[in-house]
file coords-v4.txt (compact mmCIF, C-alpha atoms)
# COMPACT_ATOMS: atom_id res chain seq x y z
CA MET A 1 1.30 -0.96 9.90
CA ALA A 2 3.62 -2.64 7.36
CA TYR A 3 2.69 -5.63 5.22
CA LYS A 4 6.12 -6.40 3.80
CA GLU A 5 6.15 -9.38 1.46
CA GLU A 6 9.45 -11.17 0.96
CA THR A 7 8.22 -14.17 -1.03
CA PHE A 8 7.61 -12.53 -4.41
CA ARG A 9 10.55 -10.19 -3.86
CA ALA A 10 12.86 -13.21 -3.88
CA TYR A 11 11.44 -14.73 -7.08
CA THR A 12 13.90 -15.79 -9.75
CA GLN A 13 13.25 -15.23 -13.45
CA ALA A 14 12.24 -18.90 -13.77
CA GLN A 15 9.70 -18.46 -10.98
CA GLY A 16 8.51 -15.28 -12.68
CA LYS A 17 7.86 -17.18 -15.90
CA THR A 18 5.92 -19.85 -14.03
CA TYR A 19 3.92 -17.17 -12.24
CA ALA A 20 3.06 -15.40 -15.51
CA ALA A 21 1.96 -18.66 -17.11
CA GLY A 22 -0.32 -19.58 -14.21
CA ARG A 23 -1.82 -16.19 -13.36
CA PRO A 24 -4.52 -14.89 -15.75
CA GLY A 25 -4.67 -11.24 -16.77
CA TYR A 26 -7.48 -8.79 -16.13
CA SER A 27 -10.54 -8.04 -18.24
CA PRO A 28 -10.20 -5.17 -20.76
CA GLU A 29 -13.44 -3.83 -19.27
CA LEU A 30 -11.70 -3.23 -15.93
CA PHE A 31 -9.08 -1.04 -17.59
CA LYS A 32 -11.80 0.88 -19.42
CA ILE A 33 -13.54 1.59 -16.10
CA ILE A 34 -10.28 2.83 -14.57
CA ILE A 35 -9.32 5.00 -17.54
CA ASN A 36 -12.83 6.43 -17.93
CA HIS A 37 -13.01 7.44 -14.28
CA HIS A 38 -9.47 8.87 -14.38
CA THR A 39 -10.11 11.02 -17.45
CA SER A 40 -13.66 12.03 -16.51
CA THR A 41 -12.28 13.50 -13.28
CA GLY A 42 -9.62 15.54 -15.08
CA GLY A 43 -6.82 12.99 -15.33
CA GLN A 44 -4.40 13.13 -18.26
CA LEU A 45 -2.91 10.28 -20.29
CA ASN A 46 0.76 11.13 -20.41
CA THR A 47 2.40 8.84 -17.81
CA VAL A 48 1.18 5.77 -15.96
CA LEU A 49 3.18 4.18 -13.14
CA ASP A 50 2.28 0.56 -12.32
CA VAL A 51 3.61 -0.38 -8.89
CA GLY A 52 4.22 -3.95 -7.75
CA CYS A 53 3.90 -4.79 -11.42
CA GLY A 54 5.22 -8.34 -11.14
CA THR A 55 5.62 -9.82 -14.61
CA GLY A 56 4.02 -6.76 -16.20
CA GLN A 57 0.65 -8.17 -17.25
CA ALA A 58 -1.40 -5.15 -16.16
CA THR A 59 1.39 -2.75 -17.16
CA GLN A 60 1.21 -3.92 -20.76
CA ASP A 61 -2.57 -3.62 -20.79
CA LEU A 62 -2.36 -0.04 -19.52
CA ALA A 63 0.39 1.00 -21.94
CA PRO A 64 -1.76 1.65 -25.05
CA TYR A 65 -3.65 4.38 -23.18
CA PHE A 66 -0.54 6.40 -22.27
CA SER A 67 2.42 8.12 -23.90
CA ASN A 68 4.80 6.82 -21.21
CA THR A 69 4.49 3.62 -19.19
CA ILE A 70 6.63 2.57 -16.23
CA GLY A 71 6.43 -0.66 -14.23
CA LEU A 72 8.13 -1.05 -10.85
CA ASP A 73 8.63 -4.18 -8.77
CA PRO A 74 11.10 -5.05 -6.00
CA SER A 75 11.85 -8.46 -7.54
CA GLU A 76 14.71 -8.80 -10.03
CA GLY A 77 13.18 -12.04 -11.28
CA MET A 78 9.77 -10.51 -11.90
CA ILE A 79 11.24 -7.50 -13.70
CA SER A 80 13.45 -9.73 -15.87
CA THR A 81 10.34 -11.67 -16.89
CA ALA A 82 8.42 -8.44 -17.52
CA ARG A 83 11.18 -7.05 -19.73
CA ALA A 84 11.34 -10.26 -21.75
CA SER A 85 7.57 -10.42 -22.21
CA ALA A 86 7.43 -6.78 -23.31
CA GLU A 87 9.95 -7.20 -26.12
CA SER A 88 7.12 -7.90 -28.57
CA ALA A 89 4.84 -5.17 -27.18
CA THR A 90 3.87 -2.34 -29.51
CA SER A 91 4.25 0.24 -26.73
CA SER A 92 7.58 1.14 -25.13
CA ILE A 93 7.59 0.29 -21.41
CA ARG A 94 10.25 1.05 -18.83
CA PHE A 95 10.51 -1.76 -16.28
CA GLU A 96 12.68 -1.10 -13.21
CA VAL A 97 13.48 -2.73 -9.87
CA SER A 98 12.09 -0.48 -7.16
CA ALA A 99 9.73 -1.02 -4.22
CA ALA A 100 6.41 0.68 -3.60
CA GLU A 101 7.89 2.39 -0.57
CA ALA A 102 10.56 4.10 -2.71
CA LEU A 103 8.59 4.66 -5.92
CA GLY A 104 11.67 5.16 -8.02
CA THR A 105 13.72 7.48 -5.81
CA ASP A 106 16.45 4.82 -6.00
CA LEU A 107 16.53 4.79 -9.82
CA GLU A 108 18.68 6.63 -12.32
CA PRO A 109 16.96 8.61 -13.59
CA PRO A 110 14.46 8.64 -10.71
CA ILE A 111 10.71 8.94 -11.10
CA ALA A 112 10.36 12.71 -11.09
CA ASP A 113 8.16 14.48 -8.59
CA GLY A 114 4.81 15.53 -10.03
CA SER A 115 5.31 13.51 -13.22
CA VAL A 116 2.70 10.73 -13.01
CA ASP A 117 -0.92 11.00 -14.17
CA LEU A 118 -2.17 7.58 -13.05
CA LEU A 119 -0.57 5.35 -10.42
CA THR A 120 -1.82 1.77 -10.34
CA ALA A 121 -1.32 -1.43 -8.36
CA ALA A 122 -2.90 -4.67 -9.59
CA THR A 123 -3.45 -7.15 -6.74
CA ALA A 124 -0.31 -5.85 -5.08
CA ALA A 125 -1.13 -3.03 -2.63
CA HIS A 126 -1.82 -5.48 0.20
CA TRP A 127 1.95 -6.10 0.37
CA PHE A 128 2.89 -2.41 0.54
CA ASP A 129 3.83 -0.47 3.65
CA MET A 130 1.00 1.97 3.06
CA ALA A 131 2.33 4.53 5.56
CA ARG A 132 5.33 4.93 3.27
CA PHE A 133 3.52 4.32 -0.02
CA TRP A 134 0.91 7.09 0.24
CA PRO A 135 3.38 9.98 0.84
CA ASN A 136 5.48 8.81 -2.10
CA ALA A 137 2.38 8.40 -4.26
CA SER A 138 1.51 12.01 -3.49
CA ARG A 139 5.05 13.04 -4.35
CA VAL A 140 5.15 11.51 -7.84
CA LEU A 141 1.56 12.29 -8.85
CA LYS A 142 0.58 15.45 -10.65
CA PRO A 143 -2.14 17.59 -9.06
CA GLY A 144 -5.37 16.00 -10.25
CA GLY A 145 -3.63 12.67 -10.73
CA THR A 146 -5.26 9.41 -9.72
CA VAL A 147 -4.34 6.35 -7.68
CA ALA A 148 -6.11 3.12 -8.72
CA LEU A 149 -5.64 0.05 -6.53
CA TRP A 150 -7.48 -3.13 -7.35
CA ALA A 151 -7.41 -6.75 -6.29
CA ARG A 152 -8.85 -10.05 -7.42
CA THR A 153 -9.46 -12.83 -4.92
CA GLY A 154 -8.37 -16.40 -5.41
CA MET A 155 -10.75 -18.55 -7.40
CA SER A 156 -13.61 -20.27 -5.59
CA VAL A 157 -15.21 -23.32 -7.14
CA ASN A 158 -18.84 -22.76 -8.05
CA PRO A 159 -20.63 -25.59 -6.20
CA ILE A 160 -23.69 -25.46 -8.46
CA LYS A 161 -22.08 -25.32 -11.90
CA THR A 162 -19.29 -27.82 -11.15
CA PRO A 163 -20.02 -31.57 -10.96
CA ASN A 164 -19.64 -32.64 -7.32
CA GLY A 165 -18.93 -28.96 -6.75
CA ALA A 166 -19.86 -28.78 -3.08
CA ALA A 167 -17.43 -31.56 -2.21
CA ILE A 168 -14.68 -30.02 -4.34
CA LYS A 169 -15.13 -26.61 -2.75
CA ALA A 170 -15.03 -28.22 0.68
CA LEU A 171 -11.83 -30.15 0.01
CA ILE A 172 -10.03 -27.02 -1.24
CA GLY A 173 -11.13 -25.18 1.89
CA GLU A 174 -9.92 -28.04 4.09
CA ALA A 175 -6.55 -28.11 2.32
CA PHE A 176 -6.04 -24.41 3.00
CA ASP A 177 -7.23 -24.69 6.61
CA ASN A 178 -5.26 -27.82 7.48
CA GLU A 179 -2.06 -27.42 5.46
CA LEU A 180 -1.63 -23.88 4.11
CA ARG A 181 -3.02 -21.62 6.83
CA PRO A 182 0.28 -21.51 8.81
CA TYR A 183 1.96 -20.00 5.74
CA GLU A 184 -0.63 -17.31 5.12
CA ARG A 185 0.25 -13.66 5.73
CA LEU A 186 -1.87 -10.58 6.43
CA GLY A 187 -1.68 -9.44 2.79
CA SER A 188 -3.63 -12.48 1.67
CA ILE A 189 -6.33 -11.75 4.24
CA LEU A 190 -6.59 -8.13 3.05
CA THR A 191 -7.20 -9.38 -0.49
CA ARG A 192 -9.73 -12.00 0.54
CA ASP A 193 -11.63 -9.29 2.44
CA LEU A 194 -11.59 -7.01 -0.61
CA TYR A 195 -9.33 -4.35 0.92
CA VAL A 196 -11.83 -3.26 3.58
CA ASN A 197 -8.92 -2.80 6.00
CA LEU A 198 -6.32 -1.50 3.57
CA PRO A 199 -4.88 1.74 5.04
CA LEU A 200 -5.97 4.84 3.13
CA PRO A 201 -4.36 8.32 3.19
CA TRP A 202 -6.81 9.64 5.80
CA THR A 203 -6.72 6.52 8.04
CA LEU A 204 -2.95 6.59 8.61
CA GLU A 205 -1.48 7.65 11.95
CA VAL A 206 0.01 10.57 10.04
CA PRO A 207 -2.60 11.35 7.35
CA VAL A 208 -1.50 12.27 3.83
CA GLU A 209 -3.59 15.36 3.27
CA GLU A 210 -2.79 15.76 -0.42
CA PHE A 211 -5.48 13.22 -1.31
CA ASP A 212 -9.12 14.26 -1.63
CA LYS A 213 -11.27 11.95 0.52
CA ARG A 214 -14.37 13.26 -1.25
CA SER A 215 -13.07 11.79 -4.52
CA PHE A 216 -12.70 8.29 -3.07
CA LEU A 217 -14.36 5.56 -5.15
CA ARG A 218 -14.87 1.95 -4.11
CA LYS A 219 -16.37 -0.61 -6.49
CA GLU A 220 -16.88 -4.31 -5.89
CA TRP A 221 -17.89 -7.12 -8.20
CA ASN A 222 -19.19 -10.53 -7.10
CA LYS A 223 -18.42 -9.65 -3.47
CA ASN A 224 -20.17 -12.65 -1.93
CA ARG A 225 -19.09 -15.13 -4.59
CA GLU A 226 -22.56 -16.59 -4.85
CA GLY A 227 -22.50 -17.50 -8.53
CA VAL A 228 -23.61 -14.10 -9.86
CA GLU A 229 -20.98 -13.77 -12.58
CA ASN A 230 -20.07 -10.64 -14.53
CA GLU A 231 -18.91 -11.66 -17.99
CA ASP A 232 -17.48 -8.22 -18.81
CA LEU A 233 -15.30 -8.21 -15.68
CA GLY A 234 -14.42 -11.90 -15.93
CA THR A 235 -15.58 -12.89 -12.45
CA GLY A 236 -16.55 -16.32 -13.76
CA THR A 237 -14.11 -18.72 -15.35
CA THR A 238 -13.77 -22.31 -16.52
CA VAL A 239 -10.55 -24.18 -15.78
CA THR A 240 -9.19 -27.69 -15.93
CA PRO A 241 -7.74 -29.29 -12.80
CA GLU A 242 -4.28 -28.79 -14.34
CA GLU A 243 -4.93 -25.08 -14.85
CA LEU A 244 -6.24 -24.77 -11.30
CA GLU A 245 -3.09 -26.46 -10.02
CA LYS A 246 -0.96 -23.86 -11.81
CA LEU A 247 -3.17 -21.01 -10.59
CA ILE A 248 -2.97 -22.11 -6.96
CA GLY A 249 0.77 -22.46 -7.42
CA THR A 250 1.08 -18.70 -8.00
CA ASN A 251 -0.22 -18.04 -4.47
CA SER A 252 2.44 -16.70 -2.11
CA THR A 253 1.08 -18.95 0.65
CA VAL A 254 1.80 -21.98 -1.53
CA THR A 255 5.29 -20.66 -2.30
CA ARG A 256 6.04 -20.46 1.42
CA TRP A 257 4.66 -24.00 1.92
CA ARG A 258 7.01 -25.22 -0.79
CA GLU A 259 9.95 -23.45 0.81
CA ALA A 260 9.15 -25.39 3.98
CA HIS A 261 8.77 -28.67 2.03
CA PRO A 262 11.40 -28.47 -0.75
CA ASP A 263 11.50 -32.26 -1.16
CA LYS A 264 7.82 -32.32 -2.14
CA PHE A 265 7.88 -29.56 -4.76
CA GLY A 266 7.20 -30.95 -8.23
CA THR A 267 6.15 -34.37 -6.92
CA GLU A 268 2.81 -36.05 -6.29
CA GLU A 269 3.19 -34.88 -2.66
CA ASP A 270 3.17 -31.20 -3.63
CA ILE A 271 0.17 -29.50 -2.05
CA THR A 272 -1.18 -28.27 -5.38
CA ARG A 273 -0.79 -31.70 -6.99
CA LYS A 274 -2.59 -33.38 -4.10
CA ILE A 275 -5.47 -30.91 -4.44
CA ARG A 276 -5.62 -31.53 -8.18
CA ARG A 277 -5.68 -35.32 -7.79
CA ARG A 278 -8.45 -35.14 -5.18
CA ILE A 279 -10.48 -32.89 -7.47
CA GLU A 280 -10.04 -35.26 -10.41
CA SER A 281 -11.19 -38.14 -8.23
CA LEU A 282 -14.33 -36.27 -7.14
CA LEU A 283 -15.12 -35.35 -10.73
CA HIS A 284 -14.75 -38.99 -11.79
CA GLU A 285 -17.09 -40.01 -8.96
CA ALA A 286 -19.65 -37.63 -10.47
CA GLY A 287 -19.41 -39.39 -13.83
CA VAL A 288 -16.95 -37.05 -15.57
CA LYS A 289 -14.69 -38.99 -17.91
CA PRO A 290 -10.89 -38.74 -17.68
CA GLY A 291 -9.67 -36.00 -20.01
CA GLU A 292 -12.98 -34.12 -19.77
CA GLU A 293 -12.55 -32.69 -16.27
CA ILE A 294 -13.50 -29.00 -15.95
CA LEU A 295 -14.48 -26.75 -13.06
CA ARG A 296 -16.51 -23.57 -13.01
CA GLY A 297 -14.95 -21.00 -10.74
CA GLU A 298 -15.55 -17.44 -9.66
CA VAL A 299 -13.58 -14.55 -8.21
CA ALA A 300 -14.43 -11.24 -6.57
CA ILE A 301 -12.83 -7.94 -7.60
CA VAL A 302 -12.43 -4.67 -5.72
CA LEU A 303 -11.30 -1.33 -7.14
CA LEU A 304 -10.26 1.72 -5.09
CA MET A 305 -9.61 5.09 -6.73
CA VAL A 306 -8.71 8.47 -5.24
CA LYS A 307 -7.52 11.79 -6.62
CA LYS A 308 -4.61 13.97 -5.56
CA ILE A 309 -5.67 17.52 -4.80
call {"tool": "encode", "arguments": {"input": "coords-v4.txt", "output": "structure tokens"}}
result
Amino acid sequence: MAYKEETFRAYTQAQGKTYAAGRPGYSPELFKIIINHHTSTGGQLNTVLDVGCGTGQATQDLAPYFSNTIGLDPSEGMISTARASAESATSSIRFEVSAAEALGTDLEPPIADGSVDLLTAATAAHWFDMARFWPNASRVLKPGGTVALWARTGMSVNPIKTPNGAAIKALIGEAFDNELRPYERLGSILTRDLYVNLPLPWTLEVPVEEFDKRSFLRKEWNKNREGVENEDLGTGTTVTPEELEKLIGTNSTVTRWREAHPDKFGTEEDITRKIRRRIESLLHEAGVKPGEEILRGEVAIVLLMVKKI
């Protein structure tokens, strides 16, 4: 089953910059967990391949651990943004336009077979055609190499730690149900459900037998989003309504809504602006002064890791 995503693929460099500004990075602790598991199970630190890398946030965080770092994304705009942001990086990173289903076979030079130690995808695998991804992942990985796929859900407002939080959480839910749901795609559902239905090598119609099912690792943090925050993993966060507006704006569902309502983008009728204004109003009703509006939010994280035989 394919989960092809055309929205991010069509991003321009300007959209890539906006995306990078609105989308937070990942906790250093998450990368430590990934690297520690990879190396403790025999993985080497020569080459990492970050797939669906977007603007290269996770790619740059992985780079200090490896001798060679490569980031692939099907979007010219995302890769242009990644290359620009990496100019000041201390590690040399190769960013190229290539989809997860090709994994660099269309590049010059291509990603060589059996050359990758760790293959990663940061909140991206839900858009891959996994029936094509897994065979290519096996092709480029070294024996004993690792695939690490992780995802972070969209932010939920903590109803206890946010003034008028229950009402704010409800209004965001209503906005998604009433206005954004028609623009949602299966990939977003896979992420929200923490990859429970993401196809794995042994669940495909044609299984990819080069992966060791016994090595499969699944870890979840803050699964139920009930206010139990993990500071090391960054599952809790504090944002202003303006920051939340920008964060929601990086959602592919919102991008598709804007494509259907181009006259409203950037105005007070934009879906993210309307959500922000309603939130500010509810905070003011709770006694929060203008200019002091903050929300406490939380996310869930899932990590899947598996070794190549």
call {"tool": "closest_residue", "arguments": {"input": "coords-v4.txt", "among": "A:Thr203, A:Thr267, A:Ser80, A:Ser156", "to": "Leu247 in chain A", "atoms": "only C-alpha atoms"}}
result
A:Ser156
call {"tool": "atom_distance", "arguments": {"input": "coords-v4.txt", "atom1": "CA of Thr162 in chain A", "atom2": "CA of Glu285 in chain A"}}
result
12.6 Å
call {"tool": "closest_atom_pairs", "arguments": {"input": "coords-v4.txt", "of": "range 151-193 of chain A", "to": "range 296-307 of chain A", "cutoff": "7 Å", "atoms": "only C-alpha atoms", "output": "JSON lines"}}
result
{"residue": "A:Ala151", "atom": "CA", "partner": "A:Val302", "partner_atom": "CA", "distance": 5.5}
{"residue": "A:Arg152", "atom": "CA", "partner": "A:Ile301", "partner_atom": "CA", "distance": 4.5}
{"residue": "A:Thr153", "atom": "CA", "partner": "A:Ala300", "partner_atom": "CA", "distance": 5.5}
{"residue": "A:Gly154", "atom": "CA", "partner": "A:Val299", "partner_atom": "CA", "distance": 6.2}
{"residue": "A:Met155", "atom": "CA", "partner": "A:Val299", "partner_atom": "CA", "distance": 5.0}
{"residue": "A:Ser156", "atom": "CA", "partner": "A:Glu298", "partner_atom": "CA", "distance": 5.3}
{"residue": "A:Val157", "atom": "CA", "partner": "A:Gly297", "partner_atom": "CA", "distance": 4.3}
{"residue": "A:Asn158", "atom": "CA", "partner": "A:Gly297", "partner_atom": "CA", "distance": 5.0}
{"residue": "A:Lys161", "atom": "CA", "partner": "A:Arg296", "partner_atom": "CA", "distance": 5.9}
{"residue": "A:Thr162", "atom": "CA", "partner": "A:Arg296", "partner_atom": "CA", "distance": 5.4}
call {"tool": "closest_residue", "arguments": {"input": "coords-v4.txt", "among": "A:Phe133, A:Phe216, A:Tyr26, A:Trp202", "to": "Asp61 in chain A", "atoms": "only C-alpha atoms"}}
result
A:Tyr26
call {"tool": "residues_around", "arguments": {"input": "coords-v4.txt", "residues": "Ser67 in chain A", "least_positions_apart": "2", "cutoff": "9 Å", "atoms": "all atoms listed in the file", "output": "PDB file with C-alpha atoms, keeping the file's coordinate frame"}}
result
ATOM      1  CA  LEU A  45      -2.910  10.280 -20.290  1.00  0.00           C
ATOM      2  CA  ASN A  46       0.760  11.130 -20.410  1.00  0.00           C
ATOM      3  CA  THR A  47       2.400   8.840 -17.810  1.00  0.00           C
ATOM      4  CA  VAL A  48       1.180   5.770 -15.960  1.00  0.00           C
ATOM      5  CA  ALA A  63       0.390   1.000 -21.940  1.00  0.00           C
ATOM      6  CA  PRO A  64      -1.760   1.650 -25.050  1.00  0.00           C
ATOM      7  CA  TYR A  65      -3.650   4.380 -23.180  1.00  0.00           C
ATOM      8  CA  THR A  69       4.490   3.620 -19.190  1.00  0.00           C
ATOM      9  CA  SER A  91       4.250   0.240 -26.730  1.00  0.00           C
ATOM     10  CA  SER A  92       7.580   1.140 -25.130  1.00  0.00           C
TER      11      SER A  92
END
